There are 2 protein chains.
Amino acid sequence: MLQVLLVEDDIDLATAVVDYLALEDIQCDHAANGVAGLSLIQSHAYQVIILDLNLPKMDGLKVCNEMRSEGNDTPVIMLTARDTLDDKVTGFGVGADDYLVKPFAMAELIVRLQALAKRRSGQVKKLHVADLELDLQLKQATRDGQPLKLSPIALKLLELLMRQSPAAVSRQALIQHVWGDEQPDSNALKVHIHNLRKQIDKPNQTELLTTVVGFGFALTDAKSCP
Amino acid sequence: MLQVLLVEDDIDLATAVVDYLALEDIQCDHAANGVAGLSLIQSHAYQVIILDLNLPKMDGLKVCNEMRSEGNDTPVIMLTARDTLDDKVTGFGVGADDYLVKPFAMAELIVRLQALAKRRSGQVKKLHVADLELDLQLKQATRDGQPLKLSPIALKLLELLMRQSPAAVSRQALIQHVWGDEQPDSNALKVHIHNLRKQIDKPNQTELLTTVVGFGFALTDAKSCP
DNA sequence: TTGGCTCTTAACCCAGCCTTAACCTGCGGC
DNA sequence: GCCGCAGGTTAAGGCTGGGTTAAGAGCCAA
């Protein structure tokens, strides 16, 4: 199921969009200002983000710029009023992937969403966390230059963890990312996390993959002393 | 089905083109700036690329120049405004194959697209990966100077793998490239990969064609030590 | 028509991955 | 001190994805 985030301060419009997307079986979170939106972006793994241009607290351009500079390459659709069309250039410069001029047809939004969801923004080819590197083209991870042997599932887990780093990722988000809706019983995730950890942390000194009790896991660079 | 990429920052124009091409059964991806465009070019195998001249982040000339220098010879159509017609000369110098002056008729775009799709740009005549060489004109591959005997399908597979190298290529992309939309059942791809591997890797020492479990295959030059 | 070629399909094997279950550890509350 | 819970570890087994082989169909040229 598609998971998207809408950042929009017009509450009527937002409600309409969320409801409409629900009909299409697209799960849509909503934030009403830029700061809240950015925070959700940092802590979730959405497949597409819909950003209004004019937002309280932090405008859409700023949000987009910020997330890109953090290495997040989730595709972004910008919403703009007709009279601010000039912002288009700025918007693309800042890393947006598509535009929609208000008022827009819901059907068009769906089409664009689904087109963008199929691909990553493609502006990020390698992910880095400390001396860990994941080459998305080669499907190959290395730590300290040494290639790691990861199973397909371990690779998916690692990708999500690295994209969200240094934020923690919930168990549910990890499960959703790997298995989608048909989730396995028992403790499959535990085992895969264990295997991943064995690959990443065993041969080295510093521990990157940490447990967030009662929530999930996080990939973080430095650990402060206890 | 034709697969093309449009790199264009004017969202209205882009939408119009994508929609129009869809009617003609041409599947058109869209990138809104030069960097995103180049990235898509590097990671997909389009049959034609439509490049706007003026783009945010990296202009069309730069994009074209860059892809050519990477050995990509997908045909390129440049879009240019009437008042920058002088850039034509520069454009051809940089490796564009055709030109279209804005505003242009959609019908004309279609015609040019289909004309270009039939041929490779022809500006790149040989592909190289390690000591593997593929002569696109002679349809002849050699490894370490020794000619290889490849069937037509094996040749197509090799071509795509070499163009994308060192990135991994998904099974789906390989199937799409060889058979288009009418895809064979069963394990035809397995057999052809097997045959290709027999030709490429058997008589030599280093293994070039590697399997990416759960994804596809990759042609890579060097393998690091275990 | 025949021969040679390639492509498709099917059948089979095998390694390695994924799942599952069972047990272990550490911690906090009762 | 005991129990329950959350997470960690390990091993067994099924199963799937990928590799291999061979037979038959289709095609083209002689």
# chains A, B, ... in the order shown; residues from 1 in each chain; ligands from 1
>>> calpha_fit_rmsd(fixed="chain A", moving="chain B")
1.0 Å
>>> interface_residues(of="chain B", to="chain C", cutoff="10 Å", atoms="only C-alpha atoms (C1' of nucleotides)", output="list in words")
Ser151, Pro152, Ile153, Pro184, Asp185, Ser186, Asn187, Ala188, Val191, His192 and Val213 of chain B
>>> closest_atom_pairs(of="chain D", to="chain B", cutoff="8 Å", atoms="only C-alpha atoms (C1' of nucleotides)", output="JSON lines")
{"residue": "D:DG17", "atom": "C1'", "partner": "B:Gly214", "partner_atom": "CA", "distance": 7.7}
{"residue": "D:DG18", "atom": "C1'", "partner": "B:Lys190", "partner_atom": "CA", "distance": 7.7}
{"residue": "D:DG19", "atom": "C1'", "partner": "B:His194", "partner_atom": "CA", "distance": 7.6}
>>> residues_around(residues="Leu53 in chain B", least_positions_apart="5", cutoff="8 Å", atoms="only C-alpha atoms (C1' of nucleotides)", output="list in words")
Asp59, Gly60, Leu61, Met78, Leu79 and Thr80 of chain B
>>> write_last_selection(atoms="N, CA and C atoms", output="PDB file, in the first residue's frame")
ATOM      1  N   ASP B  59      22.461  22.364 -17.309  1.00  0.00           N
ATOM      2  CA  ASP B  59      21.721  22.591 -18.546  1.00  0.00           C
ATOM      3  C   ASP B  59      21.831  21.404 -19.495  1.00  0.00           C
ATOM      4  N   GLY B  60      20.998  21.444 -20.518  1.00  0.00           N
ATOM      5  CA  GLY B  60      20.887  20.325 -21.434  1.00  0.00           C
ATOM      6  C   GLY B  60      22.190  19.965 -22.121  1.00  0.00           C
ATOM      7  N   LEU B  61      22.964  20.958 -22.462  1.00  0.00           N
ATOM      8  CA  LEU B  61      24.240  20.686 -23.126  1.00  0.00           C
ATOM      9  C   LEU B  61      25.150  19.883 -22.215  1.00  0.00           C
ATOM     10  N   MET B  78      17.033  17.750 -28.698  1.00  0.00           N
ATOM     11  CA  MET B  78      17.137  18.948 -27.883  1.00  0.00           C
ATOM     12  C   MET B  78      15.928  19.839 -28.135  1.00  0.00           C
ATOM     13  N   LEU B  79      15.416  20.405 -27.051  1.00  0.00           N
ATOM     14  CA  LEU B  79      14.349  21.401 -27.182  1.00  0.00           C
ATOM     15  C   LEU B  79      14.958  22.769 -26.928  1.00  0.00           C
ATOM     16  N   THR B  80      14.618  23.739 -27.777  1.00  0.00           N
ATOM     17  CA  THR B  80      15.216  25.046 -27.586  1.00  0.00           C
ATOM     18  C   THR B  80      14.219  26.138 -27.930  1.00  0.00           C
TER      19      THR B  80
END
>>> interface_residues(of="chain B", to="chain A", cutoff="7 Å", atoms="only C-alpha atoms", output="PyMOL selection string")
chain B and resi 11+31-33+36+39-40+56-57+166-168+213-214
>>> atom_distance(atom1="CA of Lys102 in chain A", atom2="CA of Asp12 in chain A")
13.5 Å
